[in-house]
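As stored in input_30.txt (compact mmCIF, C-alpha atoms):
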```
# COMPACT_ATOMS: atom_id res chain seq x y z
CA MET A 177 -10.59 13.31 -16.85
CA GLN A 178 -7.85 14.81 -18.97
CA LEU A 179 -4.67 15.75 -17.15
CA ASP A 180 -2.05 18.16 -18.40
CA ASP A 181 1.69 17.73 -18.08
CA LYS A 182 1.78 20.09 -15.08
CA THR A 183 -0.49 17.86 -12.99
CA ALA A 184 1.26 16.74 -9.81
CA VAL A 185 2.03 13.02 -9.53
CA SER A 186 3.85 13.52 -6.23
CA PRO A 187 4.85 16.44 -4.01
CA LEU A 188 7.95 17.18 -6.09
CA PHE A 189 7.17 15.82 -9.57
CA LYS A 190 4.72 16.58 -12.36
CA LEU A 191 3.14 14.27 -14.91
CA ASN A 192 5.61 15.49 -17.51
CA ASP A 193 8.51 14.27 -15.33
CA LEU A 194 6.94 10.82 -15.18
CA LEU A 195 6.31 10.77 -18.96
CA ILE A 196 9.88 11.78 -19.74
CA ALA A 197 11.34 9.21 -17.34
CA ARG A 198 9.20 6.44 -18.84
CA ASN A 199 9.92 7.45 -22.44
CA GLN A 200 13.65 7.45 -21.67
CA ASN A 201 13.30 4.14 -19.79
CA ASP A 202 14.97 5.85 -16.82
CA ASN A 203 14.11 3.37 -14.09
CA GLY A 204 16.07 5.28 -11.48
CA LYS A 205 13.99 8.40 -12.09
CA LEU A 206 10.73 6.38 -12.19
CA ILE A 207 11.59 4.85 -8.81
CA GLU A 208 12.46 8.30 -7.44
CA ILE A 209 9.14 9.76 -8.61
CA ILE A 210 7.01 6.92 -7.26
CA THR A 211 8.96 6.94 -3.99
CA ASP A 212 8.29 10.66 -3.64
CA ARG A 213 4.61 9.88 -4.23
CA ILE A 214 4.49 6.99 -1.72
CA TYR A 215 6.32 8.90 1.01
CA GLY A 216 5.00 12.38 0.26
CA TRP A 217 1.34 11.51 -0.14
CA TYR A 218 0.98 8.42 2.01
CA ILE A 219 3.64 7.41 4.52
CA GLU A 220 4.84 10.77 5.91
CA PRO A 221 1.37 12.38 6.24
CA THR A 222 0.07 9.19 7.84
CA LYS A 223 2.92 9.23 10.36
CA LEU A 224 1.86 12.76 11.33
CA LEU A 225 -1.76 11.67 11.73
CA SER A 226 -0.77 8.66 13.82
CA ARG A 227 0.94 10.90 16.38
CA GLN A 228 -2.39 12.50 17.23
CA ARG A 229 -5.01 10.85 19.42
CA ASN A 230 -8.06 9.17 17.97
CA ASN A 231 -6.86 9.00 14.37
CA GLY A 232 -6.61 5.21 14.19
CA PHE A 233 -9.52 4.87 11.77
CA LEU A 234 -8.16 7.51 9.39
CA VAL A 235 -4.67 6.03 9.63
CA MET A 236 -6.10 2.59 8.80
CA ALA A 237 -7.97 4.01 5.79
CA ILE A 238 -4.75 5.44 4.37
CA ILE A 239 -2.85 2.23 5.14
CA CYS A 240 -5.52 0.24 3.26
CA ILE A 241 -5.17 2.52 0.24
CA LEU A 242 -1.39 2.27 0.46
CA LEU A 243 -1.38 -1.53 0.76
CA ASP A 244 -3.71 -1.74 -2.23
CA THR A 245 -1.42 0.56 -4.23
CA LEU A 246 1.69 -1.39 -3.25
CA SER A 247 0.04 -4.68 -4.18
CA GLN A 248 -0.70 -3.26 -7.64
CA PHE A 249 2.93 -2.25 -8.11
CA TYR A 250 4.15 -5.58 -6.75
CA TYR A 251 2.04 -7.62 -9.17
CA GLY A 252 1.96 -5.11 -12.03
CA SER A 253 -1.84 -4.98 -11.78
CA ASN A 254 -3.86 -2.49 -13.75
CA GLN A 255 -6.20 -2.00 -10.82
CA SER A 256 -7.13 -3.32 -7.42
CA ASN A 257 -7.51 -7.09 -7.30
CA ARG A 258 -8.85 -9.00 -4.28
CA SER A 259 -6.69 -12.08 -4.83
CA ASN A 260 -3.50 -10.08 -5.39
CA PHE A 261 -4.25 -7.89 -2.38
CA LYS A 262 -4.66 -10.88 -0.05
CA ASN A 263 -1.60 -12.67 -1.46
CA PHE A 264 0.38 -9.47 -1.07
CA LEU A 265 -0.67 -9.24 2.59
CA ARG A 266 0.48 -12.83 3.20
CA ASP A 267 3.87 -12.07 1.67
CA PHE A 268 4.10 -8.70 3.41
CA ASN A 269 3.55 -10.03 6.95
CA SER A 270 3.37 -13.71 7.86
CA ARG A 271 0.86 -12.91 10.60
CA PHE A 272 -1.71 -12.45 7.84
CA THR A 273 -1.49 -16.21 7.33
CA LEU A 274 -2.72 -16.89 10.88
CA PRO A 275 -5.91 -18.94 10.87
CA ALA A 276 -9.04 -16.95 11.59
CA SER A 277 -12.61 -18.20 11.45
CA ASN A 278 -14.59 -20.24 8.92
CA SER A 279 -11.54 -21.59 7.03
CA ARG A 280 -10.21 -18.09 6.49
CA ASP A 281 -6.93 -16.50 7.43
CA CYS A 282 -6.20 -12.99 8.70
CA ALA A 283 -5.61 -11.73 5.14
CA ASP A 284 -9.20 -12.71 4.22
CA VAL A 285 -10.59 -10.98 7.31
CA PHE A 286 -8.43 -7.88 6.79
CA TYR A 287 -9.52 -7.58 3.16
CA LYS A 288 -13.22 -7.84 3.92
CA GLY A 289 -13.37 -6.27 7.37
CA PHE A 290 -10.79 -3.50 7.11
CA ARG A 291 -10.02 -2.70 3.47
CA CYS A 292 -13.55 -3.14 2.08
CA GLY A 293 -15.27 -2.16 5.31
CA ILE A 294 -13.37 1.12 5.69
CA LEU A 295 -13.16 2.10 2.03
CA HIS A 296 -16.68 1.10 0.96
CA GLU A 297 -18.79 1.36 4.10
CA ALA A 298 -16.82 3.73 6.36
CA LYS A 299 -16.67 1.10 9.09
CA ILE A 300 -14.68 -1.90 10.20
CA SER A 301 -17.02 -4.79 9.60
CA GLU A 302 -14.80 -7.45 11.20
CA GLY A 303 -12.16 -6.80 13.83
CA GLU A 304 -10.96 -3.76 15.69
CA ILE A 305 -8.25 -1.14 15.84
CA ASN A 306 -6.16 -1.23 19.01
CA GLY A 307 -3.27 1.24 19.23
CA SER A 308 -1.82 -0.51 22.26
CA ALA A 309 -1.85 -4.02 20.78
CA ARG A 310 1.48 -5.83 20.93
CA PHE A 311 1.45 -6.94 17.29
CA ALA A 312 0.56 -5.09 14.11
CA ILE A 313 -1.77 -7.98 13.20
CA ASN A 314 -3.19 -10.56 15.60
CA TRP A 315 -6.13 -12.94 15.82
CA LYS A 316 -7.38 -12.85 19.40
CA ASN A 317 -10.70 -13.64 21.04
CA ASN A 318 -12.17 -14.58 17.67
CA LYS A 319 -11.40 -11.24 15.99
CA LEU A 320 -8.67 -9.52 14.05
CA ILE A 321 -6.83 -6.90 16.09
CA VAL A 322 -4.79 -4.32 14.17
CA ASN A 323 -2.39 -1.79 15.64
CA PRO A 324 -2.22 0.92 12.94
CA ASP A 325 1.02 2.48 14.24
CA LEU A 326 2.88 -0.82 14.15
CA LEU A 327 1.37 -1.70 10.77
CA LEU A 328 2.47 1.66 9.35
CA LYS A 329 6.03 1.03 10.55
CA GLN A 330 5.96 -2.34 8.81
CA VAL A 331 4.68 -0.77 5.59
CA ASP A 332 7.50 1.77 5.73
CA LYS A 333 10.06 -0.99 6.27
CA TYR A 334 8.51 -3.10 3.52
CA TYR A 335 8.68 -0.23 1.02
CA LYS A 336 12.36 0.36 1.75
CA ASN A 337 13.05 -3.33 1.07
CA TYR A 338 10.93 -3.16 -2.08
CA LEU A 339 13.09 -0.26 -3.31
CA LYS A 340 16.18 -2.41 -2.87
CA LYS A 341 14.55 -5.13 -4.97
CA LEU A 342 13.68 -2.66 -7.71
CA LYS A 343 17.25 -1.38 -7.79
CA ARG A 344 18.40 -5.00 -8.23
CA ASN A 345 15.89 -5.27 -11.12
CA GLU A 346 13.63 -7.58 -9.11
CA ARG A 347 9.92 -6.95 -9.78
CA LEU A 348 10.93 -4.13 -12.11
CA VAL A 349 8.76 -5.40 -14.99
CA GLU A 350 5.70 -5.38 -12.72
CA PHE A 351 6.58 -1.88 -11.53
CA GLN A 352 6.89 -0.66 -15.12
CA ASN A 353 3.60 -2.37 -16.07
CA LYS A 354 1.78 -0.46 -13.35
CA ILE A 355 3.30 2.84 -14.49
CA ASP A 356 2.47 2.09 -18.13
CA PHE A 357 -1.14 1.38 -17.23
CA TYR A 358 -1.30 4.60 -15.24
CA LEU A 359 0.13 6.62 -18.14
CA THR A 360 -2.17 5.11 -20.76
CA ASN A 361 -5.27 5.78 -18.65
CA ILE A 362 -4.90 9.46 -17.85
```
Would you mind writing the file out in structure tokens?
Amino acid sequence: MQLDDKTAVSPLFKLNDLLIARNQNDNGKLIEIITDRIYGWYIEPTKLLSRQRNNGFLVMAIICILLDTLSQFYYGSNQSNRSNFKNFLRDFNSRFTLPASNSRDCADVFYKGFRCGILHEAKISEGEINGSARFAINWKNNKLIVNPDLLLKQVDKYYKNYLKKLKRNERLVEFQNKIDFYLTNI
């Protein structure tokens, strides 16, 4: 698919804005554009959905997409990567390191049961969504329990901390790698 320079890359910015910022090596503008994308297309709409009853599955689907996207920026990956996704989860929330079943941890179960289950099969193949659960992630009664509202709050908090790292030039090369891959594959 060929995109033109007027194609939206976020609610406020166009592809041309992203190209100019990258060509000028304007990291502040790149961060601003991607932040507008993350908040405008993922976090804020998902917060609105989570306020309505019975949207846990849809909220989880968007969270899975968002976590996958954030893992790609964090590692500078060209595309989704199972190993990076699970390692990202373990760094993102230590509860993902909780032991689960069959020598797996909660990151393994989340990847297969939630991320792959929701995005590839339109179902949760292992675990359950529980909006009243005390923790965002918990292994209880031999299954992974996820509270999407609490997990979304953690993703929001994580992204704000990630922005601070980028502004201190931490993980900036990986961030730029992801943007470069995006720009060379449009």
I'd like a table as a Markdown table: residues in stretch 205-301 of chain A with an atom no more than 9 Å from stretch 330-333 of chain A, each row giving the shortest atom pair and its distance in Å to one decimal, only C-alpha atoms counted, sorted by chain and rising residue number.
```
| residue | atom | partner | partner_atom | distance |
| --- | --- | --- | --- | --- |
| A:Tyr215 | CA | A:Asp332 | CA | 8.6 |
| A:Ile219 | CA | A:Asp332 | CA | 6.9 |
| A:Ile239 | CA | A:Val331 | CA | 8.1 |
| A:Leu242 | CA | A:Val331 | CA | 8.5 |
| A:Leu243 | CA | A:Val331 | CA | 7.8 |
| A:Phe268 | CA | A:Val331 | CA | 8.2 |
| A:Asn269 | CA | A:Gln330 | CA | 8.3 |
```
Would you pick out the contacts of A:Thr211 at 10 Å or less, using all atoms listed in the file, so that residues sharing its chain but fewer than 6 positions from it are not included, and give the list as a short mmCIF file (atom, residue, chain, number, x, y, z; two decimals) with C-alpha atoms, keeping the file's coordinate frame?
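This went into result_26.cif:
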```cif
data_model
loop_
_atom_site.label_atom_id
_atom_site.label_comp_id
_atom_site.auth_asym_id
_atom_site.auth_seq_id
_atom_site.Cartn_x
_atom_site.Cartn_y
_atom_site.Cartn_z
CA SER A 186 3.85 13.52 -6.23
CA LYS A 205 13.99 8.40 -12.09
CA TRP A 217 1.34 11.51 -0.14
CA TYR A 335 8.68 -0.23 1.02
CA LYS A 336 12.36 0.36 1.75
CA LEU A 339 13.09 -0.26 -3.31
#
```
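Nearest-residue note for A:Gly307: choosing from A:Phe249, A:Phe233, A:Phe272, A:Tyr358, the minimum distance belongs to A:Phe233, counting all atoms listed in the file.
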Legend entry - For A:Leu320, the nearest of the candidates A:Asp181, A:Glu220, A:Asp281, A:Asp356, counting only C-alpha atoms: A:Asp281
Inset, instruction - Find the spatial neighbours of stretch 256-266 of chain A, counting only C-alpha atoms, within a cut-off of 12 Å - ignore same-chain residues fewer than 3 positions away - and output them as a ChimeraX atom specification. - result: /A:239-253,269-275,280-288,290-292,313,327,330-331,334,354
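For A:Leu225, the list of residues within 10 Å, based on all atoms listed in the file and with local chain neighbours fewer than 6 positions off taken out, reads Ile219, Asn231, Gly232, Leu234, Val235 and Asp325 of chain A.
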Inset, instruction - Give the answer as one residue: which of A:Ile294, A:Ile355, A:Lys341, A:Trp315 has the shortest atom-to-atom distance to A:Ile209, using only C-alpha atoms? - result: A:Ile355
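Distance-wise, atom CA of A:Gly293 and atom CA of A:Lys223 end up 22.0 Å apart.
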Legend entry - atom CA of A:Leu359 to atom CA of A:Gly216, distance in Å rounded to a single decimal: 19.9 Å
Legend entry - One-decimal distance in Å that lies between atom CA of A:Asn337 and atom CA of A:Asn361: 28.4 Å
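Shortest separation to A:Arg344 among A:Ile210, A:Glu302, A:Val185, A:Gly204 occurs at residue A:Gly204, atoms counted being all atoms listed in the file.
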Legend entry - Nearest to A:Asn317, chosen from A:Asn203, A:Ile238, A:Glu304, A:Pro221, with all atoms listed in the file counted in the distances: A:Glu304
Inset, instruction - Find the residue from A:Val349, A:Ile362, A:Leu342, A:Leu194 that sits nearest to A:Asp212; use only C-alpha atoms when measuring. - result: A:Leu194
